[in-house]
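So this one's start18.txt, compact mmCIF, C-alpha atoms and all ligand atoms:
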# COMPACT_ATOMS: atom_id res chain seq x y z
CA MET I 1 0.00 0.00 0.00
CA THR I 2 1.46 3.36 -0.97
CA ARG I 3 0.53 6.65 0.62
CA ASP I 4 -0.73 8.03 -2.71
CA ALA I 5 -3.00 5.02 -3.31
CA TRP I 6 -4.39 5.31 0.23
CA VAL I 7 -5.10 9.04 -0.11
CA ALA I 8 -6.70 8.47 -3.54
CA ARG I 9 -9.14 6.09 -1.83
CA HIS I 10 -9.72 8.55 1.03
CA PRO I 11 -9.81 11.96 -0.68
CA TYR I 12 -10.85 13.77 2.53
CA LEU I 13 -7.30 13.06 3.78
CA GLN I 14 -5.74 15.09 0.95
CA PRO I 15 -5.26 18.35 2.94
CA VAL I 16 -3.46 16.59 5.81
CA ALA I 17 -1.45 14.53 3.28
CA ASP I 18 -0.31 17.78 1.61
CA LEU I 19 0.68 19.28 4.95
CA ARG I 20 2.62 16.11 5.92
CA ALA I 21 4.46 16.12 2.60
CA ARG I 22 5.49 19.77 3.07
CA VAL I 23 6.57 19.21 6.68
CA GLU I 24 8.57 16.07 5.89
CA SER I 25 10.31 17.67 2.95
CA ALA I 26 11.17 20.76 5.04
CA ALA I 27 12.56 18.50 7.81
CA ALA I 28 14.64 16.58 5.26
CA ARG I 29 16.20 19.89 4.15
CA VAL I 30 16.95 21.37 7.58
CA VAL I 31 17.72 18.38 9.78
CA THR I 32 21.00 16.54 10.21
CA PRO I 33 20.48 13.17 11.90
CA VAL I 34 22.31 12.70 15.20
CA GLU I 35 25.04 10.12 14.58
CA ARG I 36 26.49 9.73 18.05
CA VAL I 37 24.69 6.84 19.73
CA PRO I 38 24.52 6.82 23.57
CA ASP I 39 26.66 4.46 25.61
CA TRP I 40 24.04 1.77 26.22
CA GLN I 41 25.75 0.44 29.34
CA ASP I 42 25.47 3.86 30.99
CA TYR I 43 21.76 3.93 30.17
CA LEU I 44 20.94 0.31 31.10
CA GLY I 45 19.91 1.06 34.72
CA ASP I 46 17.53 3.83 33.63
CA PHE I 47 16.10 1.58 30.91
CA HIS I 48 15.31 -1.11 33.48
CA GLY I 49 13.81 1.58 35.71
CA GLY I 50 11.41 2.65 32.95
CA ILE I 51 13.10 5.95 32.06
CA PRO I 52 12.80 6.73 28.34
CA LEU I 53 15.94 7.47 26.37
CA LEU I 54 15.25 11.21 25.99
CA TRP I 55 14.54 11.64 29.71
CA SER I 56 17.64 9.90 30.94
CA GLY I 57 20.57 11.85 32.38
CA HIS I 58 22.90 9.19 30.97
CA THR I 59 22.32 9.60 27.26
CA GLU I 60 23.30 13.19 26.35
CA LEU I 61 21.61 13.22 22.98
CA ASP I 62 22.52 16.23 20.91
CA VAL I 63 19.02 17.19 19.69
CA SER I 64 17.74 20.65 18.74
CA ASP I 65 16.26 23.12 21.13
CA GLY I 66 12.44 23.28 20.67
CA PRO I 67 11.62 26.89 19.67
CA ALA I 68 14.80 27.28 17.57
CA ALA I 69 14.07 24.05 15.67
CA VAL I 70 10.48 25.14 15.00
CA LEU I 71 11.61 28.58 13.80
CA GLY I 72 13.98 26.86 11.37
CA MET I 73 11.12 24.72 10.06
CA LEU I 74 8.83 27.73 9.72
CA GLY I 75 11.44 29.54 7.61
CA GLU I 76 11.79 26.49 5.39
CA LEU I 77 8.02 26.05 4.99
CA MET I 78 7.64 29.73 4.06
CA ARG I 79 10.34 29.46 1.37
CA ALA I 80 8.44 26.59 -0.31
CA THR I 81 5.48 28.81 -1.41
CA PRO I 82 2.87 27.49 1.01
CA PRO I 83 -0.88 27.88 0.44
CA VAL I 84 -2.34 31.03 2.01
CA TRP I 85 -3.86 29.31 5.07
CA LEU I 86 -0.53 27.67 5.92
CA ALA I 87 1.48 30.84 5.29
CA ASP I 88 -0.86 32.69 7.67
CA GLN I 89 -0.43 30.06 10.39
CA CYS I 90 3.35 29.98 9.92
CA ARG I 91 3.63 33.76 10.19
CA ALA I 92 1.44 33.83 13.29
CA LEU I 93 3.48 31.10 14.99
CA GLN I 94 6.74 32.81 14.02
CA ALA I 95 5.59 36.09 15.57
CA ASP I 96 4.27 34.30 18.63
CA LEU I 97 7.53 32.37 19.22
CA GLU I 98 9.52 35.58 19.23
CA VAL I 99 7.40 36.93 22.09
CA ARG I 100 6.70 33.76 24.11
CA PRO I 101 8.87 30.85 22.95
CA ASP I 102 7.72 28.65 25.84
CA SER I 103 3.96 28.83 25.35
CA PRO I 104 2.94 29.42 21.73
CA ALA I 105 -0.79 29.73 21.08
CA ASN I 106 -0.77 27.33 18.11
CA VAL I 107 0.42 24.29 20.04
CA ALA I 108 -0.78 21.86 17.36
CA LEU I 109 1.46 23.32 14.63
CA PHE I 110 4.33 23.78 17.08
CA ARG I 111 4.24 20.10 18.15
CA CYS I 112 3.81 18.88 14.58
CA LEU I 113 6.95 20.78 13.45
CA LEU I 114 9.01 20.01 16.53
CA TRP I 115 8.38 16.26 16.27
CA ALA I 116 9.13 16.28 12.56
CA VAL I 117 12.57 17.68 13.47
CA LEU I 118 13.19 15.37 16.43
CA ALA I 119 12.02 12.22 14.61
CA ALA I 120 14.36 13.02 11.70
CA GLU I 121 17.26 13.85 14.06
CA LEU I 122 16.76 10.67 16.07
CA LYS I 123 16.34 8.29 13.15
CA LEU I 124 19.74 6.59 13.48
CA VAL I 125 19.62 6.58 17.29
CA ILE I 126 16.15 4.97 17.24
CA THR I 127 17.34 2.24 14.88
CA ALA I 128 20.37 1.51 17.09
CA PHE I 129 18.21 1.59 20.25
CA THR I 130 15.70 -0.82 18.69
CA SER I 131 18.40 -3.38 17.96
CA TRP I 132 20.00 -2.94 21.41
CA ARG I 133 17.04 -3.06 23.76
CA ASP I 134 15.51 -6.18 25.25
CA GLU I 135 11.81 -5.69 24.52
CA GLU I 136 10.86 -8.05 27.35
CA ARG I 137 12.41 -5.59 29.81
CA TRP I 138 10.21 -2.69 28.72
CA LEU I 139 6.60 -3.74 27.96
CA ARG I 140 5.37 -0.37 29.25
CA ASN I 141 2.47 1.74 28.01
CA TYR I 142 4.69 4.65 26.97
CA CYS I 143 7.37 5.10 24.34
CA PRO I 144 10.87 3.92 25.36
CA VAL I 145 12.42 6.80 23.38
CA CYS I 146 10.31 9.85 24.23
CA GLY I 147 7.86 8.70 26.93
CA THR I 148 4.68 9.51 24.99
CA PRO I 149 1.66 7.17 25.27
CA PRO I 150 0.94 5.18 22.09
CA ALA I 151 -0.83 6.64 19.05
CA MET I 152 -1.66 3.24 17.58
CA ALA I 153 -0.95 -0.49 17.84
CA GLN I 154 0.10 -3.22 15.44
CA LEU I 155 -0.42 -6.97 15.58
CA VAL I 156 2.39 -9.05 14.06
CA ASN I 157 3.16 -12.73 13.74
CA ARG I 158 6.56 -13.84 15.02
CA THR I 159 8.07 -17.27 15.64
CA GLU I 160 7.28 -16.82 19.35
CA GLY I 161 3.61 -16.15 18.50
CA ARG I 162 1.35 -13.23 17.81
CA LEU I 163 2.69 -10.01 19.33
CA ARG I 164 1.29 -6.57 19.87
CA LEU I 165 3.47 -3.55 19.24
CA LEU I 166 2.58 -0.02 20.25
CA SER I 167 3.47 2.83 17.95
CA CYS I 168 4.56 6.34 18.95
CA GLY I 169 2.93 9.17 17.01
CA CYS I 170 5.73 11.57 17.97
CA CYS I 171 9.11 9.91 17.36
CA GLY I 172 7.84 6.93 15.33
CA THR I 173 9.25 4.20 17.60
CA ARG I 174 7.43 0.84 17.84
CA TRP I 175 7.78 -1.25 20.98
CA ARG I 176 6.33 -4.37 22.45
CA TYR I 177 3.44 -4.49 24.86
CA ARG I 178 1.32 -7.25 26.35
CA ARG I 179 -0.78 -9.05 23.77
CA THR I 180 -3.96 -8.60 25.83
CA GLY I 181 -5.32 -5.92 28.11
CA CYS I 182 -5.73 -2.16 27.89
CA PRO I 183 -2.66 0.08 27.53
CA PHE I 184 -4.54 3.06 29.01
CA CYS I 185 -5.99 1.83 32.31
CA GLU I 186 -3.56 -1.14 32.25
CA HIS I 187 -6.29 -3.56 33.15
CA ALA I 188 -4.81 -6.90 32.10
CA ASP I 189 -7.99 -8.98 31.75
CA ASP I 190 -8.20 -10.75 28.36
CA HIS I 191 -11.87 -9.99 28.06
CA THR I 192 -11.64 -6.25 28.60
CA LEU I 193 -10.83 -5.40 25.00
CA ALA I 194 -13.46 -5.46 22.28
CA VAL I 195 -12.79 -5.08 18.56
CA VAL I 196 -14.56 -3.10 15.85
CA GLY I 197 -13.49 -4.53 12.49
CA ILE I 198 -13.64 -2.20 9.51
CA GLN I 199 -14.13 -3.60 6.03
CA GLY I 200 -11.80 -2.50 3.24
CA GLU I 201 -9.42 -0.52 5.45
CA GLY I 202 -6.22 -2.48 4.88
CA GLY I 203 -6.36 -4.41 8.17
CA LEU I 204 -7.10 -1.40 10.38
CA ARG I 205 -9.50 -1.92 13.27
CA ILE I 206 -10.46 -0.26 16.51
CA ASP I 207 -9.70 -2.05 19.78
CA TYR I 208 -11.42 -0.53 22.78
CA CYS I 209 -11.51 -1.11 26.50
CA GLN I 210 -14.85 -1.87 28.08
CA ARG I 211 -13.67 -0.48 31.42
CA CYS I 212 -12.14 2.91 30.59
CA HIS I 213 -13.65 3.25 27.05
CA GLY I 214 -10.28 4.25 25.63
CA TYR I 215 -9.69 3.00 22.11
CA LEU I 216 -6.57 2.23 20.11
CA LYS I 217 -6.50 2.13 16.33
CA THR I 218 -4.78 -1.12 15.47
CA TYR I 219 -3.13 -2.32 12.26
CA ASP I 220 -3.51 -6.06 12.03
CA GLY I 221 -0.86 -6.82 9.44
CA GLU I 222 2.62 -6.06 8.17
CA GLY I 223 4.22 -4.38 5.20
CA SER I 224 2.33 -1.07 5.13
CA GLU I 225 3.52 0.39 8.44
CA SER I 226 4.70 3.66 6.91
CA VAL I 227 1.19 4.33 5.63
CA LEU I 228 -1.14 2.62 8.09
CA LEU I 229 0.70 3.49 11.33
CA ALA I 230 1.10 7.14 10.40
CA ASP I 231 -1.94 8.06 12.56
CA TRP I 232 -3.13 10.86 10.22
CA THR I 233 -3.98 8.29 7.53
CA SER I 234 -6.76 6.90 9.74
CA LEU I 235 -8.29 10.04 11.21
CA HIS I 236 -11.65 8.83 9.85
CA LEU I 237 -11.41 5.94 12.32
CA ASP I 238 -11.09 8.45 15.15
CA LEU I 239 -14.36 10.03 14.04
CA LEU I 240 -15.98 6.61 13.90
CA ALA I 241 -14.78 5.81 17.43
CA ARG I 242 -16.00 9.17 18.69
CA ASP I 243 -19.43 8.49 17.19
CA ARG I 244 -19.51 5.29 19.24
CA GLY I 245 -18.85 7.24 22.42
CA LEU I 246 -15.26 5.98 22.79
CA LYS I 247 -12.50 8.10 24.31
CA ARG I 248 -9.41 9.20 22.42
CA LEU I 249 -6.84 8.45 25.11
CA ALA I 250 -4.14 7.72 22.52
CA SER I 251 -1.58 10.47 22.03
CA SER I 252 -1.96 12.18 18.68
CA LEU I 253 -0.46 15.19 16.91
CA TYR I 254 -3.75 15.62 15.03
CA GLU I 255 -7.01 17.03 16.24
CA VAL I 256 -10.30 15.57 15.03
ZN ZN G 301 8.26 8.24 20.97
ZN ZN G 302 -8.88 0.59 29.76

What is this structure when it is put down as structure tokens?
Ligand SMILES: [Zn+2]
Ligand SMILES: [Zn+2]
Amino acid sequence: MTRDAWVARHPYLQPVADLRARVESAAARVVTPVERVPDWQDYLGDFHGGIPLLWSGHTELDVSDGPAAVLGMLGELMRATPPVWLADQCRALQADLEVRPDSPANVALFRCLLWAVLAAELKLVITAFTSWRDEERWLRNYCPVCGTPPAMAQLVNRTEGRLRLLSCGCCGTRWRYRRTGCPFCEHADDHTLAVVGIQGEGGLRIDYCQRCHGYLKTYDGEGSESVLLADWTSLHLDLLARDRGLKRLASSLYEV
């Protein structure tokens, strides 16, 4: 499944697809990936204690400062002849950041741009961290890199059985979690989760908890992660879940 084919089948996603394409291409132009990988032995104790990589005092990752990184992205977006609505938002955020860099009014655009920078900067570190870490020693309901709760989940088949991975909507990391139970209220009962299957949506479904009513969009399959775990590509499922009275407890960079 390619992103273009998916958007062609879901034309209402076109505006967010255009924004994503602009943001990713701006990030590719301004960001240099961090090459220096942390000393994993120094970090091991924190990892076992549940401290995500970016929060640890033992990793010293050389990532960009928030407001400065976002200002760089705004400049790049403005140079690429944005549509009027985007140019207006960029200008407003730029002006706002100069006055109050710590609390911009347009938090949604700020977070979207900041995470585009950080995800691109951390790409190599995340790959190295994924091959280093023992997934059995994490199994937590927040991202081992940045500490954010999951945006989505994925079910995969491995030699050891069927596994559930959680997917971070901010830095893009995927990590293992228990196969059953709710990642929001952490109730471990097998029977707590119910599933809403959706026809013709590439294996996407909605798993929800009958105790806390939180739901997690889940991709039951492999091969189309870059499209189906992107979160924005299934915003229509969030609307569907909302119509059913379910709660969006997942962490998302996109409002619905
Ligand atoms: Zn993350
Ligand atoms: Zn729950």

Q) Counting only C-alpha atoms and all ligand atoms, which of I:Leu44, I:Leu71, I:Ala8, I:Cys143 gets nearest to ligand ZN 301 (chain G)? A)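 Closest to ligand ZN 301 (chain G) of all the choices is I:Cys143.
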
Enumerate, in order of chain and increasing residue number, the residues of chain I with an atom no farther than 10 Å from ligand ZN 301 (chain G), each with its shortest atom pair and distance in Å to one decimal, counting all atoms listed in the file, as a Markdown table.
| residue | atom | partner | partner_atom | distance |
| --- | --- | --- | --- | --- |
| I:Pro52 | CA | G:ZN301 | ZN | 8.8 |
| I:Leu53 | CA | G:ZN301 | ZN | 9.4 |
| I:Leu54 | CA | G:ZN301 | ZN | 9.1 |
| I:Trp115 | CA | G:ZN301 | ZN | 9.3 |
| I:Leu118 | CA | G:ZN301 | ZN | 9.8 |
| I:Ala119 | CA | G:ZN301 | ZN | 8.4 |
| I:Ile126 | CA | G:ZN301 | ZN | 9.3 |
| I:Tyr142 | CA | G:ZN301 | ZN | 7.9 |
| I:Cys143 | CA | G:ZN301 | ZN | 4.7 |
| I:Pro144 | CA | G:ZN301 | ZN | 6.7 |
| I:Val145 | CA | G:ZN301 | ZN | 5.0 |
| I:Cys146 | CA | G:ZN301 | ZN | 4.2 |
| I:Gly147 | CA | G:ZN301 | ZN | 6.0 |
| I:Thr148 | CA | G:ZN301 | ZN | 5.5 |
| I:Pro149 | CA | G:ZN301 | ZN | 7.9 |
| I:Pro150 | CA | G:ZN301 | ZN | 8.0 |
| I:Ala151 | CA | G:ZN301 | ZN | 9.4 |
| I:Ser167 | CA | G:ZN301 | ZN | 7.8 |
| I:Cys168 | CA | G:ZN301 | ZN | 4.6 |
| I:Gly169 | CA | G:ZN301 | ZN | 6.7 |
| I:Cys170 | CA | G:ZN301 | ZN | 5.1 |
| I:Cys171 | CA | G:ZN301 | ZN | 4.1 |
| I:Gly172 | CA | G:ZN301 | ZN | 5.8 |
| I:Thr173 | CA | G:ZN301 | ZN | 5.4 |
| I:Arg174 | CA | G:ZN301 | ZN | 8.1 |
| I:Trp175 | CA | G:ZN301 | ZN | 9.5 |

Q | For CA of Ala153 in chain I and CA of Arg3 in chain I, the interatomic separation in Å (one decimal) | A |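 Atom-to-atom, CA of Ala153 in chain I to CA of Arg3 in chain I, that is 18.7 Å.
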
Q. From the set I:Leu163, I:Leu193, I:Val16, I:Leu229, which residue has the shortest atom-to-atom contact distance to ligand ZN 302 (chain G), counting only C-alpha atoms and all ligand atoms?
A. I:Leu193

Exercise answer, 7 Å around ligand ZN 302 (chain G) with all atoms listed in the file, as a short mmCIF file (atom, residue, chain, number, x, y, z; two decimals) with C-alpha atoms, in the frame of the given file:
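Wrote out.cif, looks like this:
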data_model
loop_
_atom_site.label_atom_id
_atom_site.label_comp_id
_atom_site.auth_asym_id
_atom_site.auth_seq_id
_atom_site.Cartn_x
_atom_site.Cartn_y
_atom_site.Cartn_z
CA CYS I 182 -5.73 -2.16 27.89
CA PRO I 183 -2.66 0.08 27.53
CA PHE I 184 -4.54 3.06 29.01
CA CYS I 185 -5.99 1.83 32.31
CA GLU I 186 -3.56 -1.14 32.25
CA HIS I 187 -6.29 -3.56 33.15
CA CYS I 209 -11.51 -1.11 26.50
CA GLN I 210 -14.85 -1.87 28.08
CA ARG I 211 -13.67 -0.48 31.42
CA CYS I 212 -12.14 2.91 30.59
CA HIS I 213 -13.65 3.25 27.05
CA GLY I 214 -10.28 4.25 25.63
#

(Q) Just want the 7 Å neighbourhood of Tyr215 in chain I, counted on all atoms listed in the file, with same-chain residues fewer than 3 positions away dropped. Output as a list in words. (A)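 Within the cut-off, the hits are Ile206, Asp207, Tyr208, Cys209, Leu246, Lys247, Arg248 and Leu249 of chain I.
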
Q: Report the distance between CA of Val37 in chain I and CA of Ser56 in chain I in Å, rounded to one decimal place.
A: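 Answer for the CA of Val37 in chain I to CA of Ser56 in chain I separation: 13.6 Å.
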
Q.
as a list in words, please: the residues near Ser25 in chain I (cut-off 12 Å, only C-alpha atoms, same-chain neighbours under 2 positions excluded).
A.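 Listing them by chain and then by number gives Asp18, Leu19, Arg20, Ala21, Arg22, Val23, Ala27, Ala28, Arg29, Val30, Val31, Met73, Glu76, Leu77, Arg79, Ala80, Leu113, Ala116, Val117 and Ala120 of chain I.
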
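The list of residues within 10 Å of (-1.8, -6.2, 17.9), counted using all atoms listed in the file, is Met152, Ala153, Gln154, Leu155, Val156, Asn157, Arg162, Leu163, Arg164, Leu165, Leu166, Arg176, Tyr177, Arg178, Arg179, Thr180, Arg205, Asp207, Leu216, Lys217, Thr218, Tyr219, Asp220 and Gly221 of chain I.
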
Q | Spatial neighbours of range 99-105 of chain I, max dist 8 Å, only C-alpha atoms, sep filter under 5 positions, as a PyMOL selection string | A | chain I and resi 67+93+110

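Using all atoms listed in the file, the shortest contact distance between Ser131 in chain I and any of I:Asp243, I:Gly57, I:Trp40, I:Arg158 is found at I:Trp40.
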
Q) Between CA of Tyr254 in chain I and CA of Leu235 in chain I, what is the distance, to one decimal in Å? A)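 Spanning CA of Tyr254 in chain I to CA of Leu235 in chain I is a straight-line distance of 8.1 Å.
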
Q | Contact residues around Gly200 in chain I with all atoms listed in the file at 12 Å, ignoring same-chain residues under 6 positions, as a list in words | A |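 That gives Trp6, Arg9 and His10 of chain I.
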
**Q.** Among the residues I:Gly223, I:Pro33, I:Gly202, I:Gly75, the one that comes closest to Ala87 in chain I [using only C-alpha atoms]
**A.** I:Gly75

Q. Which residue out of I:Gly49, I:Arg133, I:Ala108, I:Glu121 has the minimum interatomic distance to Ser252 in chain I when only C-alpha atoms are used?
A. I:Ala108
